[in-house]
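What follows is the content of final01.txt, which has compact mmCIF, C-alpha atoms and all ligand atoms:
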# COMPACT_ATOMS: atom_id res chain seq x y z
CA MET S 1 -2.92 15.61 18.73
CA LYS S 2 -4.32 14.17 15.50
CA LYS S 3 -2.31 11.46 13.73
CA ASP S 4 -1.98 10.68 10.03
CA LEU S 5 -0.90 7.75 7.87
CA LEU S 6 1.30 9.37 5.24
CA LYS S 7 4.06 6.77 4.77
CA LEU S 8 5.37 3.71 6.59
CA LEU S 9 8.64 5.53 7.36
CA ASP S 10 6.64 7.48 9.99
CA LEU S 11 5.49 4.32 11.83
CA THR S 12 7.28 2.16 14.36
CA ARG S 13 7.25 -1.62 14.28
CA GLU S 14 4.83 -1.48 17.25
CA ASP S 15 2.46 0.82 15.32
CA ILE S 16 2.40 -1.63 12.37
CA THR S 17 1.82 -4.62 14.64
CA LYS S 18 -1.03 -2.81 16.36
CA ILE S 19 -2.68 -2.00 13.00
CA LEU S 20 -2.32 -5.63 11.87
CA ASN S 21 -3.78 -6.95 15.13
CA VAL S 22 -6.76 -4.59 14.92
CA ALA S 23 -7.16 -5.54 11.22
CA ASP S 24 -7.38 -9.23 12.18
CA GLN S 25 -10.03 -8.31 14.74
CA MET S 26 -11.96 -6.26 12.17
CA LYS S 27 -11.92 -9.22 9.79
CA TYR S 28 -13.12 -11.57 12.54
CA ASN S 29 -15.94 -9.20 13.52
CA GLN S 30 -17.10 -8.82 9.93
CA LYS S 31 -16.94 -12.55 9.16
CA HIS S 32 -18.88 -13.37 12.35
CA GLY S 33 -21.52 -10.68 11.92
CA LEU S 34 -20.38 -8.84 15.07
CA SER S 35 -21.28 -5.17 15.18
CA HIS S 36 -18.28 -2.83 14.95
CA ALA S 37 -19.85 0.56 14.29
CA TYR S 38 -16.96 2.41 15.95
CA LEU S 39 -17.15 5.42 13.60
CA ALA S 40 -20.91 6.05 13.73
CA GLY S 41 -21.73 9.56 12.59
CA LYS S 42 -18.24 10.20 11.18
CA THR S 43 -17.37 11.15 7.61
CA LEU S 44 -14.31 10.40 5.48
CA ALA S 45 -13.60 12.61 2.47
CA MET S 46 -11.85 10.67 -0.30
CA ILE S 47 -9.89 12.74 -2.85
CA PHE S 48 -8.88 10.89 -6.01
CA GLU S 49 -6.55 12.49 -8.55
CA LYS S 50 -5.82 9.07 -10.10
CA ASN S 51 -7.98 6.07 -11.03
CA SER S 52 -8.93 3.40 -8.49
CA THR S 53 -11.09 0.33 -8.00
CA ARG S 54 -9.84 -1.32 -4.78
CA THR S 55 -8.94 1.78 -2.80
CA ARG S 56 -12.20 3.54 -3.48
CA VAL S 57 -14.44 0.53 -2.87
CA SER S 58 -12.59 -0.73 0.22
CA PHE S 59 -12.49 2.69 1.92
CA GLU S 60 -16.11 3.46 1.09
CA THR S 61 -17.35 0.02 2.14
CA GLY S 62 -15.11 0.01 5.21
CA MET S 63 -16.42 3.36 6.38
CA PHE S 64 -20.00 2.12 5.91
CA GLN S 65 -19.28 -1.04 7.91
CA LEU S 66 -17.82 1.10 10.70
CA GLY S 67 -21.11 3.01 10.85
CA GLY S 68 -19.79 6.13 9.12
CA HIS S 69 -20.01 7.71 5.71
CA ALA S 70 -17.46 8.21 2.92
CA LEU S 71 -17.70 10.75 0.15
CA PHE S 72 -15.90 10.67 -3.16
CA LEU S 73 -14.25 13.80 -4.53
CA SER S 74 -12.62 13.52 -7.91
CA GLY S 75 -9.70 15.83 -8.48
CA LYS S 76 -11.17 16.93 -11.82
CA GLU S 77 -14.68 17.69 -10.65
CA SER S 78 -13.85 19.38 -7.34
CA GLN S 79 -12.28 22.83 -7.12
CA ILE S 80 -8.89 21.12 -6.69
CA GLY S 81 -9.00 20.54 -10.45
CA ARG S 82 -9.44 24.29 -10.98
CA GLY S 83 -6.42 25.12 -8.86
CA GLU S 84 -7.77 25.66 -5.34
CA PRO S 85 -4.71 25.35 -3.08
CA ILE S 86 -4.38 22.14 -1.07
CA GLU S 87 -3.88 24.30 2.08
CA ASP S 88 -7.41 25.70 1.65
CA THR S 89 -8.96 22.34 0.74
CA ALA S 90 -7.41 20.94 3.94
CA ARG S 91 -8.90 23.65 6.13
CA VAL S 92 -12.34 23.45 4.51
CA LEU S 93 -12.62 19.65 4.72
CA SER S 94 -11.45 19.83 8.35
CA ARG S 95 -14.59 21.88 9.12
CA TYR S 96 -16.96 19.24 7.68
CA CYS S 97 -15.33 15.81 7.96
CA ASP S 98 -13.50 13.58 10.44
CA GLY S 99 -10.80 12.23 8.13
CA ILE S 100 -9.37 12.61 4.61
CA MET S 101 -8.06 9.91 2.32
CA ILE S 102 -6.11 11.16 -0.69
CA ARG S 103 -4.69 9.52 -3.82
CA THR S 104 -2.47 11.86 -5.77
CA PHE S 105 0.90 12.25 -7.50
CA GLY S 106 3.43 14.02 -5.27
CA GLN S 107 4.03 12.88 -1.70
CA GLU S 108 4.56 16.55 -0.81
CA GLU S 109 0.87 17.24 -1.63
CA VAL S 110 -0.20 14.67 0.97
CA GLU S 111 2.27 16.01 3.52
CA LYS S 112 0.98 19.55 2.94
CA LEU S 113 -2.64 18.39 3.20
CA ALA S 114 -1.83 16.80 6.56
CA GLN S 115 0.02 19.89 7.75
CA TYR S 116 -2.99 22.13 7.10
CA SER S 117 -5.71 19.68 8.23
CA SER S 118 -6.90 19.40 11.80
CA ILE S 119 -8.26 15.91 11.03
CA PRO S 120 -6.32 12.69 10.19
CA VAL S 121 -5.03 12.28 6.63
CA ILE S 122 -4.49 8.85 5.03
CA ASN S 123 -2.30 8.32 1.97
CA GLY S 124 -4.25 6.21 -0.54
CA LEU S 125 -1.25 6.16 -2.94
CA THR S 126 1.28 8.68 -4.17
CA ASP S 127 4.17 8.27 -6.59
CA PHE S 128 6.33 7.68 -3.50
CA ALA S 129 4.29 5.37 -1.29
CA HIS S 130 1.32 3.03 -0.99
CA PRO S 131 1.16 2.41 2.77
CA CYS S 132 -2.42 1.06 2.92
CA GLN S 133 -1.61 -1.55 0.28
CA VAL S 134 1.51 -2.70 2.09
CA LEU S 135 -0.33 -2.97 5.42
CA ALA S 136 -2.77 -5.30 3.62
CA ASP S 137 0.17 -7.23 2.12
CA LEU S 138 1.79 -7.67 5.55
CA MET S 139 -1.55 -8.76 7.00
CA THR S 140 -1.95 -11.36 4.22
CA ILE S 141 1.58 -12.69 4.55
CA ARG S 142 1.18 -13.03 8.33
CA GLU S 143 -2.17 -14.77 7.82
CA HIS S 144 -0.71 -17.32 5.37
CA MET S 145 2.73 -17.79 6.96
CA THR S 146 1.71 -17.16 10.64
CA ARG S 147 4.63 -14.73 11.12
CA LEU S 148 6.64 -12.00 9.40
CA GLU S 149 9.89 -11.96 11.33
CA GLY S 150 12.66 -13.97 9.71
CA LEU S 151 10.89 -14.40 6.35
CA LYS S 152 12.45 -13.20 3.09
CA LEU S 153 10.35 -10.83 0.99
CA CYS S 154 11.43 -10.23 -2.59
CA PHE S 155 10.18 -7.53 -4.97
CA ILE S 156 10.80 -7.76 -8.72
CA GLY S 157 10.34 -4.76 -11.01
CA ASP S 158 10.12 -1.00 -10.78
CA GLY S 159 11.48 0.80 -7.71
CA ASN S 160 8.12 2.54 -7.42
CA ASN S 161 5.61 3.37 -4.66
CA MET S 162 5.04 -0.35 -3.96
CA ALA S 163 8.75 -1.15 -3.82
CA ASN S 164 9.38 1.82 -1.49
CA SER S 165 6.60 0.86 0.91
CA LEU S 166 7.42 -2.87 0.85
CA ILE S 167 11.07 -2.23 1.69
CA VAL S 168 10.15 -0.03 4.65
CA GLY S 169 7.24 -2.20 5.85
CA GLY S 170 9.13 -5.47 5.44
CA LEU S 171 12.28 -4.29 7.21
CA LYS S 172 10.30 -2.64 10.02
CA CYS S 173 8.55 -5.98 10.61
CA GLY S 174 11.81 -7.94 10.82
CA MET S 175 11.77 -9.42 7.32
CA ASP S 176 14.79 -9.73 5.04
CA VAL S 177 14.03 -7.77 1.87
CA SER S 178 15.56 -8.16 -1.59
CA VAL S 179 14.64 -6.03 -4.58
CA ALA S 180 15.56 -6.55 -8.24
CA CYS S 181 15.22 -3.53 -10.53
CA PRO S 182 17.01 -2.50 -13.71
CA GLU S 183 19.53 0.32 -13.41
CA GLY S 184 17.79 3.69 -13.47
CA TYR S 185 14.66 2.34 -11.78
CA ASP S 186 15.90 2.06 -8.20
CA PRO S 187 13.71 2.71 -5.15
CA ASP S 188 13.71 6.21 -3.65
CA GLN S 189 16.98 7.35 -2.04
CA LYS S 190 15.19 8.10 1.29
CA VAL S 191 14.11 4.46 1.38
CA LEU S 192 17.60 3.18 0.52
CA ASP S 193 19.01 5.43 3.26
CA PHE S 194 16.50 3.99 5.74
CA ALA S 195 17.45 0.44 4.71
CA LYS S 196 21.09 1.24 5.54
CA THR S 197 20.12 2.02 9.13
CA VAL S 198 18.50 -1.39 9.68
CA THR S 199 20.77 -3.80 11.52
CA ASP S 200 18.54 -6.72 12.55
CA CYS S 201 17.60 -7.91 9.04
CA LYS S 202 19.12 -7.95 5.56
CA PHE S 203 18.41 -5.66 2.60
CA GLN S 204 19.69 -6.40 -0.90
CA LEU S 205 19.32 -4.33 -4.07
CA CYS S 206 20.03 -6.67 -7.00
CA ARG S 207 20.22 -6.28 -10.76
CA THR S 208 18.98 -9.78 -11.53
CA PRO S 209 15.60 -11.22 -10.50
CA ALA S 210 17.25 -14.64 -9.90
CA GLU S 211 19.53 -13.22 -7.20
CA ALA S 212 16.65 -11.45 -5.45
CA ALA S 213 14.27 -14.43 -5.63
CA ALA S 214 16.72 -17.00 -4.21
CA ASP S 215 15.03 -18.70 -1.22
CA ALA S 216 12.36 -16.00 -0.97
CA ASP S 217 9.25 -16.78 1.10
CA VAL S 218 7.19 -14.12 -0.65
CA VAL S 219 7.61 -12.90 -4.23
CA ILE S 220 5.95 -9.59 -5.09
CA THR S 221 5.73 -7.58 -8.28
CA ASP S 222 3.86 -4.58 -9.68
CA VAL S 223 3.19 -2.96 -13.05
CA TRP S 224 6.12 -1.71 -15.12
CA ALA S 225 4.40 1.62 -15.85
CA SER S 226 2.52 3.17 -12.95
CA MET S 227 -0.31 5.69 -13.17
CA GLY S 228 1.08 8.86 -14.68
CA GLN S 229 3.83 6.98 -16.59
CA GLU S 230 1.64 5.80 -19.48
CA GLY S 231 3.79 7.78 -21.95
CA GLU S 232 6.87 5.72 -20.96
CA LYS S 233 5.19 2.36 -21.62
CA ALA S 234 7.32 1.34 -24.63
CA LYS S 235 10.60 2.44 -23.04
CA ARG S 236 9.72 0.60 -19.84
CA GLU S 237 8.78 -2.61 -21.65
CA LEU S 238 12.35 -2.69 -22.95
CA ALA S 239 13.92 -1.82 -19.60
CA PHE S 240 11.89 -4.41 -17.67
CA ALA S 241 12.14 -7.31 -20.15
CA GLY S 242 13.43 -10.17 -18.00
CA TYR S 243 11.97 -8.71 -14.80
CA GLN S 244 9.01 -11.05 -14.88
CA VAL S 245 7.62 -13.32 -12.19
CA ASN S 246 7.29 -16.63 -14.04
CA ASP S 247 7.55 -20.35 -13.26
CA GLU S 248 11.30 -20.38 -13.81
CA LEU S 249 11.82 -17.59 -11.26
CA MET S 250 9.42 -19.19 -8.78
CA LYS S 251 11.55 -22.36 -8.85
CA LEU S 252 14.36 -20.34 -7.21
CA ALA S 253 12.12 -19.18 -4.37
CA HIS S 254 11.43 -21.24 -1.28
CA PRO S 255 9.08 -24.18 -1.96
CA GLY S 256 5.61 -23.01 -0.97
CA ALA S 257 6.54 -19.33 -1.49
CA MET S 258 3.62 -16.91 -1.71
CA VAL S 259 3.00 -14.43 -4.52
CA GLN S 260 1.47 -11.01 -3.92
CA HIS S 261 0.39 -8.37 -6.45
CA CYS S 262 -1.35 -5.13 -5.48
CA LEU S 263 -3.36 -5.23 -8.75
CA PRO S 264 -4.26 -4.34 -11.42
CA ALA S 265 -1.97 -7.00 -12.98
CA HIS S 266 -0.68 -7.11 -16.55
CA ARG S 267 -0.40 -10.78 -17.46
CA GLY S 268 2.49 -11.49 -19.80
CA GLU S 269 4.38 -8.41 -18.56
CA GLU S 270 5.41 -8.33 -14.87
CA ILE S 271 3.75 -11.70 -14.15
CA THR S 272 2.70 -14.68 -16.24
CA ALA S 273 -0.94 -15.79 -16.29
CA GLN S 274 0.23 -19.16 -14.97
CA VAL S 275 1.91 -17.80 -11.83
CA PHE S 276 -0.95 -15.36 -11.29
CA GLU S 277 -3.60 -18.10 -11.41
CA ALA S 278 -1.55 -20.51 -9.30
CA HIS S 279 -1.46 -17.84 -6.57
CA ALA S 280 -4.84 -16.21 -7.21
CA ASN S 281 -6.13 -17.18 -3.79
CA GLU S 282 -3.30 -15.31 -2.01
CA ILE S 283 -3.59 -12.35 -4.37
CA PHE S 284 -7.34 -11.93 -3.85
CA ASP S 285 -6.92 -12.41 -0.08
CA GLU S 286 -4.49 -9.50 -0.35
CA ALA S 287 -7.11 -7.43 -2.18
CA GLU S 288 -9.74 -8.34 0.43
CA ASN S 289 -7.41 -7.41 3.27
CA ARG S 290 -7.30 -3.81 2.02
CA LEU S 291 -10.77 -3.54 3.55
CA HIS S 292 -9.81 -4.92 6.95
CA ALA S 293 -6.44 -3.16 7.20
CA GLN S 294 -7.94 0.22 6.28
CA LYS S 295 -10.79 -0.22 8.73
CA ALA S 296 -8.11 -0.73 11.39
CA VAL S 297 -6.29 2.43 10.26
CA MET S 298 -9.50 4.50 10.25
CA TYR S 299 -10.52 3.15 13.66
CA LEU S 300 -7.10 3.92 15.16
CA LEU S 301 -6.87 7.40 13.60
CA MET S 302 -10.49 8.57 13.68
CA GLY S 303 -11.96 6.57 16.56
CA GLU S 304 -11.57 6.64 20.32
CA GLU S 305 -8.41 4.53 20.52
CA GLU S 306 -5.09 6.14 19.53
CA LEU S 307 -2.46 4.64 17.32
N1 LIG R 401 -4.05 -1.79 -5.47
C1 LIG R 401 -4.75 -0.66 -5.60
O1 LIG R 401 -4.47 0.34 -4.96
O2 LIG R 401 -5.80 -0.74 -6.46
P1 LIG R 401 -6.66 0.46 -7.04
O3 LIG R 401 -5.74 1.26 -7.91
O4 LIG R 401 -7.75 -0.21 -7.81
O5 LIG R 401 -7.19 1.28 -5.91
N1 LIG R 402 2.50 1.24 -8.89
C1 LIG R 402 1.11 1.27 -9.26
C2 LIG R 402 0.26 0.77 -8.15
C3 LIG R 402 -1.21 0.71 -8.45
C4 LIG R 402 -2.05 0.29 -7.28
C5 LIG R 402 0.72 2.69 -9.63
O1 LIG R 402 1.17 3.62 -8.97
O2 LIG R 402 0.01 2.86 -10.62
Show the structure stored in the file as structure tokens.
Amino acid sequence: MKKDLLKLLDLTREDITKILNVADQMKYNQKHGLSHAYLAGKTLAMIFEKNSTRTRVSFETGMFQLGGHALFLSGKESQIGRGEPIEDTARVLSRYCDGIMIRTFGQEEVEKLAQYSSIPVINGLTDFAHPCQVLADLMTIREHMTRLEGLKLCFIGDGNNMANSLIVGGLKCGMDVSVACPEGYDPDQKVLDFAKTVTDCKFQLCRTPAEAAADADVVITDVWASMGQEGEKAKRELAFAGYQVNDELMKLAHPGAMVQHCLPAHRGEEITAQVFEAHANEIFDEAENRLHAQKAVMYLLMGEEEL
């Protein structure tokens, strides 16, 4: 039966570890010029209903490096933009391609696409989740810290797609997770319900960044207004004032703590230029690892080996 990557809630800890191990191998192969054309002759359709730099380039490049082909479909220019139902798009693309990556608004669109497709579907970001990004984050943290289990991951800011996926991914990998968001901007209830079921590590939802950042090994933030929320920018700037990753906050974290940001970053809002530049190496490793982590996902979903 075909498998999809729709959200990290659907994966086990073993699934995530397997993806991260294959991602490390993909990175090694690419860095050492070893051939890894595991998806020769295969095609990935990429549907974008929102902007992207990293997701588009890393999927397209990754598919090329795996010996396959990726094609870009913008929501506006395809028939999706003229109202063709997702159920029909799913069945048509399933007749031509070997996988679909989609970036859209509602998680339910991605779930419906997967339900009607006979080929694997990968979530390239919805309002609810950003699983590919968080797999790259976990890969980067493991690379820098040599392990995930027992570390404390802290997220400061909006309880958005990144917060949701980091909570699930972190807890599934045995990390303690603390999140600081202003009231009214909490992570999704499904994610908070999942966190309640976790017994082997700690989850904390805080109202102050200082409480969340205390002794953290990894500090993560994201934009205050996500794609689709541009109209709320002014209101959000007020709500998130104080929810900034700056030098003062970093002093509360563990010495040597990492900083991750999925990018694009807004310096002077969710993160200061100083903290960003001090941790630029980790942040751009994170961006690079999108390529390797997604190649692992595509290989495991579209190749010979099963996830
Ligand atoms: N982090 C991320 O998903 O970047 P893009 O929006 O550029 O794809
Ligand atoms: N939360 C951000 C992530 C961008 C990669 C957004 O949804 O716009």
Surrounding residues as a ChimeraX atom specification, ligand LIG 401 (chain R), max 7 Å, only C-alpha atoms and all ligand atoms | /S:51-56,125,133,262-264
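Pairwise distance (atom CA of Ala239 of chain S, atom CA of Glu286 of chain S) equals 27.7 Å.
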Could you give me, as a PyMOL selection string, every polymer residue with an atom at most 9 Å away from an atom of ligand LIG 402 (chain R), counting only C-alpha atoms and all ligand atoms?
-> chain S and resi 50-52+54-55+105+125-130+133+158+160-163+222-229+262-265
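Those residues that approach Gln65 of chain S to within 12 Å, counting all atoms listed in the file, are Met26, Lys27, Asn29, Gln30, Lys31, Gly33, Leu34, Ser35, His36, Ala37, Tyr38, Leu39, Ala40, Gly41, Lys42, Val57, Ser58, Phe59, Glu60, Thr61, His69, Ala70, Leu291, His292, Gln294, Lys295, Ala296, Met298 and Tyr299 of chain S; same-chain residues fewer than 4 positions away are not listed.
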Contact residues around Phe155 of chain S with all atoms listed in the file at 7 Å, ignoring same-chain residues under 2 positions, as a ChimeraX atom specification = /S:153,157,163,178-180,219-221
Export, as a PDB file, in the coordinates of the input, the selected residues with C-alpha atoms.
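Output below, filename result.pdb:
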ATOM      1  CA  LEU S 153      10.350 -10.830   0.990  1.00  0.00           C
ATOM      2  CA  GLY S 157      10.340  -4.760 -11.010  1.00  0.00           C
ATOM      3  CA  ALA S 163       8.750  -1.150  -3.820  1.00  0.00           C
ATOM      4  CA  SER S 178      15.560  -8.160  -1.590  1.00  0.00           C
ATOM      5  CA  VAL S 179      14.640  -6.030  -4.580  1.00  0.00           C
ATOM      6  CA  ALA S 180      15.560  -6.550  -8.240  1.00  0.00           C
ATOM      7  CA  VAL S 219       7.610 -12.900  -4.230  1.00  0.00           C
ATOM      8  CA  ILE S 220       5.950  -9.590  -5.090  1.00  0.00           C
ATOM      9  CA  THR S 221       5.730  -7.580  -8.280  1.00  0.00           C
TER      10      THR S 221
END
Could the centre and edge lengths of an axis-aligned box, enclosing all atoms of segment 91-110 of chain S in the file with 8 Å extra on each side, be given in Å to one decimal as JSON?
{"center_x": -6.2, "center_y": 16.6, "center_z": 1.5, "size_x": 37.5, "size_y": 30.1, "size_z": 33.9}
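Ranking S:Met101, S:Met145, S:Ala253, S:Val245 by their shortest atom-to-atom distance to Arg267 of chain S, with all atoms listed in the file included, puts S:Val245 first.
Nearest to Asp217 of chain S of all the residues S:Arg95, S:His144, S:Arg236, S:Lys196 is S:His144, based on all atoms listed in the file.
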Using only C-alpha atoms, which of S:Met63, S:Leu113, S:Gly68, S:Asp15 sits nearest Asp88 of chain S?
-> S:Leu113
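One distance worth recording is that between atom CA of Arg207 of chain S and atom CA of Val134 of chain S, which is 23.0 Å.
With atom CA of Phe64 of chain S on one side and atom CA of Ile16 of chain S on the other, the separation reads 23.6 Å.
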